[in-house]
$ cat input-v9.csv   # CSV, C-alpha atoms and all ligand atoms
chain,number,residue,atom,x,y,z
D,81,MET,CA,13.8,10.7,11.4
D,82,SER,CA,13.4,11.0,7.6
D,83,TYR,CA,13.6,8.2,5.1
D,84,ALA,CA,15.1,8.8,1.8
D,85,SER,CA,13.9,6.1,-0.5
D,86,ALA,CA,10.7,4.2,-1.1
D,87,ALA,CA,12.8,1.1,-1.9
D,88,MET,CA,14.0,0.8,1.7
D,89,ILE,CA,13.0,-2.3,3.6
D,90,PHE,CA,11.1,-1.7,6.9
D,91,ASP,CA,10.7,-4.6,9.2
D,92,LEU,CA,8.7,-3.2,12.2
D,93,HIS,CA,8.1,-6.4,14.2
D,94,SER,CA,10.7,-8.8,15.5
D,95,HIS,CA,11.8,-10.6,18.7
D,96,THR,CA,15.0,-11.3,20.6
D,97,LEU,CA,15.8,-13.6,23.4
D,98,CYS,CA,14.7,-10.8,25.8
D,99,SER,CA,11.2,-12.3,25.1
D,100,ASP,CA,10.6,-15.5,23.1
D,101,GLY,CA,13.0,-15.0,20.2
D,102,SER,CA,16.2,-17.0,20.0
D,103,LEU,CA,18.8,-14.4,19.0
D,104,ALA,CA,20.5,-11.8,21.1
D,105,PRO,CA,19.9,-8.2,19.9
D,106,PRO,CA,23.3,-7.8,18.2
D,107,ALA,CA,22.8,-11.1,16.3
D,108,LEU,CA,19.3,-10.1,15.3
D,109,ILE,CA,20.6,-6.8,14.0
D,110,ALA,CA,23.4,-8.5,12.1
D,111,ARG,CA,20.9,-10.9,10.5
D,112,ALA,CA,18.6,-8.1,9.6
D,113,ILE,CA,21.5,-6.3,7.8
D,114,ASP,CA,22.3,-9.5,6.0
D,115,SER,CA,18.7,-9.8,4.9
D,116,GLY,CA,18.8,-6.3,3.4
D,117,VAL,CA,16.6,-4.6,6.1
D,118,ASP,CA,17.1,-0.9,6.4
D,119,VAL,CA,14.9,-0.1,9.3
D,120,LEU,CA,14.1,-2.6,12.1
D,121,ALA,CA,11.9,-2.4,15.1
D,122,ILE,CA,12.6,-4.9,17.9
D,123,THR,CA,9.2,-5.5,19.5
D,124,ASP,CA,9.7,-7.9,22.3
D,125,HIS,CA,6.6,-9.0,24.2
D,126,ASP,CA,6.0,-6.6,27.1
D,127,THR,CA,9.7,-5.7,27.5
D,128,LEU,CA,12.2,-3.1,26.3
D,129,ASP,CA,15.2,-5.1,27.7
D,130,ALA,CA,16.7,-5.5,24.2
D,131,TYR,CA,17.4,-1.8,24.0
D,132,GLU,CA,19.6,-1.7,27.1
D,133,GLY,CA,23.0,-0.4,26.0
D,134,LEU,CA,21.9,-0.4,22.3
D,135,SER,CA,22.3,2.6,20.0
D,136,LEU,CA,19.4,3.1,17.6
D,137,ALA,CA,21.9,3.9,14.9
D,138,GLN,CA,23.5,0.6,13.8
D,139,GLY,CA,25.6,1.5,10.7
D,140,ARG,CA,23.5,1.1,7.7
D,141,LEU,CA,20.5,-0.1,9.7
D,142,GLN,CA,18.3,2.2,11.7
D,143,LEU,CA,16.5,0.9,14.8
D,144,VAL,CA,13.0,2.1,15.7
D,145,ALA,CA,12.3,1.6,19.4
D,146,GLY,CA,9.3,-0.7,19.8
D,147,ILE,CA,7.4,-3.1,22.0
D,148,GLU,CA,4.5,-5.6,21.6
D,149,PHE,CA,2.0,-5.3,24.4
D,150,SER,CA,-0.3,-8.2,25.3
D,151,THR,CA,-3.9,-7.4,26.1
D,152,GLN,CA,-7.4,-8.7,25.6
D,153,TRP,CA,-10.4,-7.6,23.6
D,154,GLN,CA,-13.7,-9.3,24.5
D,155,SER,CA,-12.5,-13.0,24.9
D,156,THR,CA,-9.7,-12.7,22.4
D,157,GLY,CA,-6.0,-12.2,23.4
D,158,ILE,CA,-4.6,-9.5,21.1
D,159,HIS,CA,-1.3,-7.8,20.6
D,160,VAL,CA,-0.6,-4.1,20.2
D,161,LEU,CA,2.7,-2.8,18.9
D,162,GLY,CA,4.1,0.5,20.2
D,163,LEU,CA,6.3,1.9,17.5
D,164,ASN,CA,8.8,4.7,17.8
D,165,VAL,CA,8.3,5.0,21.6
D,166,ASP,CA,10.6,7.2,23.7
D,167,LEU,CA,12.6,4.5,25.7
D,168,ASP,CA,13.0,6.9,28.6
D,169,SER,CA,9.3,7.7,29.0
D,170,ASP,CA,7.9,7.0,32.4
D,171,ALA,CA,4.7,5.8,30.8
D,172,VAL,CA,6.2,3.0,28.8
D,173,GLN,CA,8.4,2.0,31.6
D,174,ALA,CA,5.4,1.8,34.0
D,175,GLY,CA,3.7,-0.3,31.3
D,176,VAL,CA,6.6,-2.7,31.2
D,177,ARG,CA,6.6,-3.0,35.0
D,178,TYR,CA,2.8,-3.7,35.1
D,179,GLN,CA,3.0,-6.3,32.4
D,180,THR,CA,6.0,-8.0,33.9
D,181,GLU,CA,4.0,-8.5,37.1
D,182,ALA,CA,1.0,-9.6,35.1
D,183,ARG,CA,3.1,-12.2,33.4
D,184,ARG,CA,4.3,-13.7,36.6
D,185,ALA,CA,0.8,-13.9,38.1
D,186,ARG,CA,-0.5,-15.3,34.8
D,187,ALA,CA,2.3,-17.9,34.7
D,188,ARG,CA,1.4,-19.1,38.2
D,189,ARG,CA,-2.2,-19.4,37.1
D,190,ILE,CA,-1.2,-21.4,34.0
D,191,GLY,CA,0.8,-23.7,36.3
D,192,GLU,CA,-2.3,-24.2,38.5
D,193,ILE,CA,-4.5,-25.0,35.5
D,194,LEU,CA,-2.0,-27.5,34.1
D,195,GLY,CA,-1.7,-29.0,37.6
D,196,LYS,CA,-5.4,-29.6,37.7
D,197,MET,CA,-5.0,-31.3,34.3
D,198,GLY,CA,-2.5,-33.8,35.8
D,199,ILE,CA,0.7,-32.0,34.9
D,200,PRO,CA,2.6,-31.2,38.1
D,201,ASP,CA,5.3,-28.5,38.6
D,202,ALA,CA,4.7,-26.7,35.4
D,203,PHE,CA,5.2,-23.2,36.8
D,204,ALA,CA,8.6,-24.2,38.3
D,205,GLY,CA,9.4,-26.0,35.1
D,206,ALA,CA,8.6,-23.1,32.9
D,207,ALA,CA,10.3,-20.6,35.2
D,208,ALA,CA,13.5,-22.7,35.0
D,209,LEU,CA,13.4,-22.4,31.2
D,210,ALA,CA,12.8,-18.6,31.3
D,211,GLN,CA,15.9,-16.5,31.1
D,212,GLY,CA,15.0,-13.0,32.3
D,213,ASP,CA,11.7,-11.4,33.2
D,214,TYR,CA,9.8,-12.9,30.3
D,215,ILE,CA,7.9,-16.0,31.1
D,216,GLY,CA,5.3,-17.1,28.6
D,217,ARG,CA,3.4,-19.9,26.9
D,218,PRO,CA,6.5,-20.9,24.9
D,219,HIS,CA,8.2,-21.9,28.1
D,220,PHE,CA,5.2,-23.9,29.2
D,221,ALA,CA,5.2,-25.6,25.8
D,222,ARG,CA,8.8,-26.5,26.1
D,223,TYR,CA,8.2,-27.9,29.6
D,224,LEU,CA,5.3,-30.0,28.3
D,225,VAL,CA,7.6,-31.4,25.6
D,226,ASN,CA,10.5,-32.1,28.0
D,227,SER,CA,8.2,-33.8,30.5
D,228,GLY,CA,6.6,-36.0,27.8
D,229,LYS,CA,3.2,-34.5,27.9
D,230,ALA,CA,3.4,-33.2,24.3
D,231,ARG,CA,5.2,-34.5,21.3
D,232,SER,CA,6.3,-31.1,20.0
D,233,ILE,CA,5.9,-27.4,20.7
D,234,GLU,CA,3.1,-27.3,18.1
D,235,ASP,CA,1.5,-30.2,19.9
D,236,ALA,CA,1.8,-28.5,23.3
D,237,PHE,CA,0.1,-25.3,21.9
D,238,ARG,CA,-2.6,-27.4,20.2
D,239,LYS,CA,-3.5,-29.3,23.3
D,240,PHE,CA,-2.6,-27.1,26.2
D,241,VAL,CA,-1.5,-23.5,25.8
D,242,GLY,CA,-2.7,-22.4,22.3
D,243,ASP,CA,-5.3,-19.8,21.8
D,244,GLY,CA,-8.6,-20.9,23.4
D,245,LYS,CA,-7.0,-23.8,25.2
D,246,ALA,CA,-7.0,-24.2,29.0
D,247,GLY,CA,-3.6,-22.7,29.4
D,248,ASP,CA,-4.4,-19.6,27.3
D,249,VAL,CA,-4.8,-17.2,30.3
D,250,LYS,CA,-5.5,-13.6,29.3
D,251,GLN,CA,-7.2,-12.0,32.2
D,252,HIS,CA,-4.1,-10.5,33.8
D,253,TRP,CA,-3.0,-8.1,31.1
D,254,ALA,CA,-3.7,-4.4,31.3
D,255,ASP,CA,-6.8,-3.5,29.2
D,256,LEU,CA,-6.7,-2.1,25.7
D,257,PRO,CA,-7.2,1.6,26.6
D,258,GLN,CA,-4.4,1.3,29.1
D,259,VAL,CA,-1.8,-0.2,26.7
D,260,VAL,CA,-2.7,2.3,23.9
D,261,GLN,CA,-2.3,5.1,26.5
D,262,TRP,CA,1.2,3.9,27.6
D,263,ILE,CA,2.3,3.9,23.9
D,264,ARG,CA,0.8,7.3,23.1
D,265,ASP,CA,2.2,8.9,26.3
D,266,ALA,CA,5.6,7.6,25.2
D,267,GLY,CA,5.2,9.4,21.9
D,268,GLY,CA,4.7,6.1,20.1
D,269,ILE,CA,2.2,4.9,17.5
D,270,ALA,CA,-0.1,2.1,18.6
D,271,VAL,CA,-0.6,-0.5,15.9
D,272,LEU,CA,-2.8,-3.6,16.0
D,273,ALA,CA,-0.4,-6.5,15.4
D,274,HIS,CA,-1.1,-9.4,13.0
D,275,PRO,CA,-4.9,-8.8,12.5
D,276,LEU,CA,-5.4,-12.1,10.7
D,277,LYS,CA,-4.0,-14.2,13.6
D,278,TYR,CA,-7.0,-13.7,15.8
D,279,LYS,CA,-9.3,-15.7,13.4
D,280,LEU,CA,-12.0,-13.1,13.8
D,281,THR,CA,-14.8,-12.7,11.2
D,282,ARG,CA,-14.4,-9.5,9.2
D,283,THR,CA,-17.3,-8.0,11.1
D,284,LYS,CA,-15.7,-8.7,14.4
D,285,LEU,CA,-12.3,-7.5,13.3
D,286,LYS,CA,-14.0,-4.2,12.2
D,287,ARG,CA,-15.5,-3.9,15.7
D,288,LEU,CA,-12.2,-4.5,17.3
D,289,LEU,CA,-10.6,-1.8,15.1
D,290,ALA,CA,-13.4,0.6,15.9
D,291,ASP,CA,-12.8,0.1,19.6
D,292,PHE,CA,-9.1,0.4,19.0
D,293,VAL,CA,-9.4,3.7,17.2
D,294,HIS,CA,-11.8,4.9,19.9
D,295,VAL,CA,-9.2,4.5,22.5
D,296,GLY,CA,-6.4,6.1,20.4
D,297,GLY,CA,-5.1,3.3,18.3
D,298,GLN,CA,-3.6,4.6,15.1
D,299,GLY,CA,-2.3,1.8,12.9
D,300,LEU,CA,-2.8,-1.7,11.4
D,301,GLU,CA,-0.2,-4.3,10.6
D,302,VAL,CA,-1.3,-4.7,7.0
D,303,VAL,CA,1.5,-7.2,6.2
D,304,SER,CA,2.6,-9.7,8.9
D,305,GLY,CA,5.0,-12.2,7.6
D,306,GLN,CA,3.9,-14.6,4.9
D,307,GLN,CA,0.4,-14.0,3.8
D,308,ASN,CA,-1.4,-14.4,0.5
D,309,PRO,CA,-2.1,-11.4,-1.8
D,310,GLN,CA,-5.8,-11.5,-1.1
D,311,GLN,CA,-5.1,-11.2,2.6
D,312,THR,CA,-2.8,-8.3,2.0
D,313,ALA,CA,-5.3,-6.6,-0.2
D,314,GLY,CA,-8.1,-7.1,2.4
D,315,MET,CA,-6.1,-5.7,5.2
D,316,GLY,CA,-5.0,-2.8,3.0
D,317,GLN,CA,-8.6,-2.0,2.2
D,318,LEU,CA,-9.6,-2.1,5.9
D,319,CYS,CA,-6.6,0.2,6.7
D,320,GLU,CA,-7.7,2.7,4.1
D,321,GLN,CA,-11.4,2.6,5.0
D,322,LEU,CA,-10.6,3.3,8.7
D,323,ASN,CA,-8.0,5.8,7.9
D,324,LEU,CA,-5.3,4.0,9.8
D,325,LEU,CA,-1.5,4.0,9.3
D,326,ALA,CA,-0.1,0.9,7.7
D,327,SER,CA,2.7,-1.2,9.2
D,328,CYS,CA,4.6,-4.3,8.1
D,329,GLY,CA,6.9,-6.8,9.7
D,330,SER,CA,8.1,-10.3,9.8
D,331,ASP,CA,7.3,-11.2,13.5
D,332,PHE,CA,10.7,-12.9,13.3
D,333,HIS,CA,11.4,-15.1,16.3
D,334,ALA,CA,14.2,-17.5,15.3
D,335,PRO,CA,16.0,-18.9,12.2
D,336,ASP,CA,14.3,-21.9,10.6
D,337,THR,CA,10.9,-21.6,12.3
D,338,ARG,CA,7.3,-21.2,11.3
D,339,TRP,CA,7.8,-17.4,11.2
D,340,ALA,CA,9.0,-15.4,8.3
D,341,GLU,CA,12.6,-14.4,7.7
D,342,LEU,CA,13.6,-10.9,8.5
D,343,GLY,CA,12.4,-8.5,5.8
D,344,ALA,CA,10.8,-11.3,3.8
D,345,PHE,CA,7.2,-10.2,3.2
D,346,ALA,CA,5.2,-8.5,0.6
D,347,PRO,CA,5.4,-4.7,0.2
D,348,LEU,CA,2.5,-2.6,1.5
D,349,PRO,CA,-0.3,-1.9,-0.9
D,350,ALA,CA,0.2,1.3,-2.9
D,351,ARG,CA,-2.7,3.3,-1.4
D,352,VAL,CA,-2.1,3.0,2.3
D,353,THR,CA,-0.1,5.5,4.3
D,354,PRO,CA,3.0,3.9,5.8
D,355,VAL,CA,3.4,4.3,9.5
D,356,TRP,CA,7.0,5.5,9.2
D,357,GLU,CA,5.7,8.7,7.6
D,358,ARG,CA,4.6,9.7,11.1
D,359,PHE,CA,7.9,8.8,12.8
D,360,SER,CA,9.5,11.9,14.1
D,401,LIG,P1,2.6,-15.4,25.5
D,401,LIG,O1,3.4,-14.1,25.3
D,401,LIG,O2,2.9,-16.1,26.8
D,401,LIG,O3,1.1,-15.2,25.4
D,401,LIG,O4,3.0,-16.4,24.4
D,401,LIG,C1,2.6,-16.1,23.1
D,401,LIG,C2,3.7,-16.5,22.1
D,401,LIG,O5,3.7,-17.9,21.9
D,401,LIG,C3,3.5,-15.9,20.7
D,401,LIG,O6,4.0,-14.6,20.6
D,401,LIG,C4,4.2,-16.9,19.8
D,401,LIG,O7,5.6,-16.5,19.8
D,401,LIG,C5,4.1,-18.2,20.6
D,401,LIG,N1,3.1,-19.1,19.9
D,401,LIG,C6,1.8,-18.9,19.8
D,401,LIG,N2,1.2,-19.9,19.2
D,401,LIG,C7,2.2,-20.8,18.9
D,401,LIG,C8,2.2,-22.0,18.3
D,401,LIG,N3,1.1,-22.6,17.8
D,401,LIG,N4,3.4,-22.7,18.1
D,401,LIG,C9,4.5,-22.1,18.6
D,401,LIG,N5,4.6,-20.9,19.2
D,401,LIG,C10,3.4,-20.2,19.4
D,402,MN,MN,6.2,-14.5,20.4
D,403,MN,MN,2.1,-11.2,18.6
D,404,MN,MN,5.4,-10.7,17.7
$ encode --input "input-v9.csv" --output "structure tokens"
Amino acid sequence: MSYASAAMIFDLHSHTLCSDGSLAPPALIARAIDSGVDVLAITDHDTLDAYEGLSLAQGRLQLVAGIEFSTQWQSTGIHVLGLNVDLDSDAVQAGVRYQTEARRARARRIGEILGKMGIPDAFAGAAALAQGDYIGRPHFARYLVNSGKARSIEDAFRKFVGDGKAGDVKQHWADLPQVVQWIRDAGGIAVLAHPLKYKLTRTKLKRLLADFVHVGGQGLEVVSGQQNPQQTAGMGQLCEQLNLLASCGSDFHAPDTRWAELGAFAPLPARVTPVWERFS
């Protein structure tokens, strides 16, 4: 793939209803085109279902095949994007199968934990809200709201399933070396997603990135949705220092939510190397 113009808009992180987004793939693509996006990666959590029957050439929009794998580093749940993966690769498909099983086991565990906290039937409740293979904390949050245990989705995350809370179960995921391996074996580029979301100190984030690079990680999501110019500059510096490729994306999930609109984020800092220069 070659990209003609520096003015093109790349949004390399987005979700459909194949994971926890609200739009079907064609509707997401139509919205991206309306928003002026030229190159879009659909990166659903631990699944490639969105790409079923989908051509990567979508008129004036080019799709880049991607995925967002869940994993863990020390006690922090982290996300690794696989960009420009070969959808037919056995490695990435094995990864999806593994993570899908992990999700189910994890969901049962979350149900047990919530049960002990006096919230019965949460697994069945969340499973009933899940559409396909993807079952995740957003479904538990909705169940908690529907059953009157939380006032809103935000409240459910804050009290029960958000990062560091009882329902934040991370132990089932494949480990970091494994998810990076799946991505690399599928010819993709492994990018650490939304580095500022983990609330790590700069020292810890550097340690995470050193470990990530050690196991084959290649990129950093320098711009993730709405962030302030200092944050972008800081992530740009880190990216340069560690010789990583730079990525950017909205992490769009649904219209009118806390996430950024498709394509609506700051440009990458001038000195970094954009990850798409390595797409082949
Ligand atoms: P899971 O894949 O089951 O770990 O669920 C994680 C997903 O939950 C994230 O990708 C977000 O889409 C969503 N999420 C995380 N924190 C919040 C929050 N505070 N409010 C709403 N959604 C959230
Ligand atoms: Mn999500
Ligand atoms: Mn994520
Ligand atoms: Mn995401």
$ closest_residue --input "input-v9.csv" --among "D:Leu285, D:Ile158, D:Val119, D:Ala145" --to "ligand MN 402 (chain D)" --atoms "all atoms listed in the file"
D:Ile158
$ atom_distance --input "input-v9.csv" --atom1 "CA of Ile190 in chain D" --atom2 "atom O5 of ligand LIG 401 (chain D)"
13.5 Å
$ closest_residue --input "input-v9.csv" --among "D:Leu161, D:Phe90, D:Asp170, D:Gly191" --to "Glu357 in chain D" --atoms "all atoms listed in the file"
D:Phe90
$ atom_distance --input "input-v9.csv" --atom1 "CA of Leu167 in chain D" --atom2 "CA of Asp114 in chain D"
26.0 Å
$ closest_atom_pairs --input "input-v9.csv" --of "chain D" --to "ligand MN 402 (chain D)" --cutoff "10 Å" --atoms "only C-alpha atoms and all ligand atoms" --output "CSV"
residue,atom,partner,partner_atom,distance
D:Ser94,CA,D:MN402,MN,8.8
D:His95,CA,D:MN402,MN,7.0
D:Thr96,CA,D:MN402,MN,9.4
D:Ser99,CA,D:MN402,MN,7.2
D:Asp100,CA,D:MN402,MN,5.3
D:Gly101,CA,D:MN402,MN,6.8
D:Thr123,CA,D:MN402,MN,9.5
D:Asp124,CA,D:MN402,MN,7.7
D:His125,CA,D:MN402,MN,6.7
D:Glu148,CA,D:MN402,MN,9.1
D:Gly216,CA,D:MN402,MN,8.6
D:Arg217,CA,D:MN402,MN,8.9
D:Pro218,CA,D:MN402,MN,7.8
D:Asp331,CA,D:MN402,MN,7.7
D:Phe332,CA,D:MN402,MN,8.6
D:His333,CA,D:MN402,MN,6.6
D:Ala334,CA,D:MN402,MN,10.0
D:Trp339,CA,D:MN402,MN,9.8
$ closest_residue --input "input-v9.csv" --among "D:Gln211, D:Ser115, D:Gln251, D:Gln298" --to "Ser150 in chain D" --atoms "only C-alpha atoms"
D:Gln251
$ residues_near_point --input "input-v9.csv" --point "(-10.9, 5.6, 23.1)" --cutoff "12 Å" --atoms "all atoms listed in the file" --output "ChimeraX atom specification"
/D:255-261,264,288-298
$ residues_near_ligand --input "input-v9.csv" --ligand "ligand MN 403 (chain D)" --cutoff "7 Å" --atoms "only C-alpha atoms and all ligand atoms" --output "number ranges by chain"
D: 148, 159, 273-274
$ closest_residue --input "input-v9.csv" --among "D:Ile199, D:Val249, D:Ile147, D:Ala187" --to "ligand MN 404 (chain D)" --atoms "only C-alpha atoms and all ligand atoms"
D:Ile147
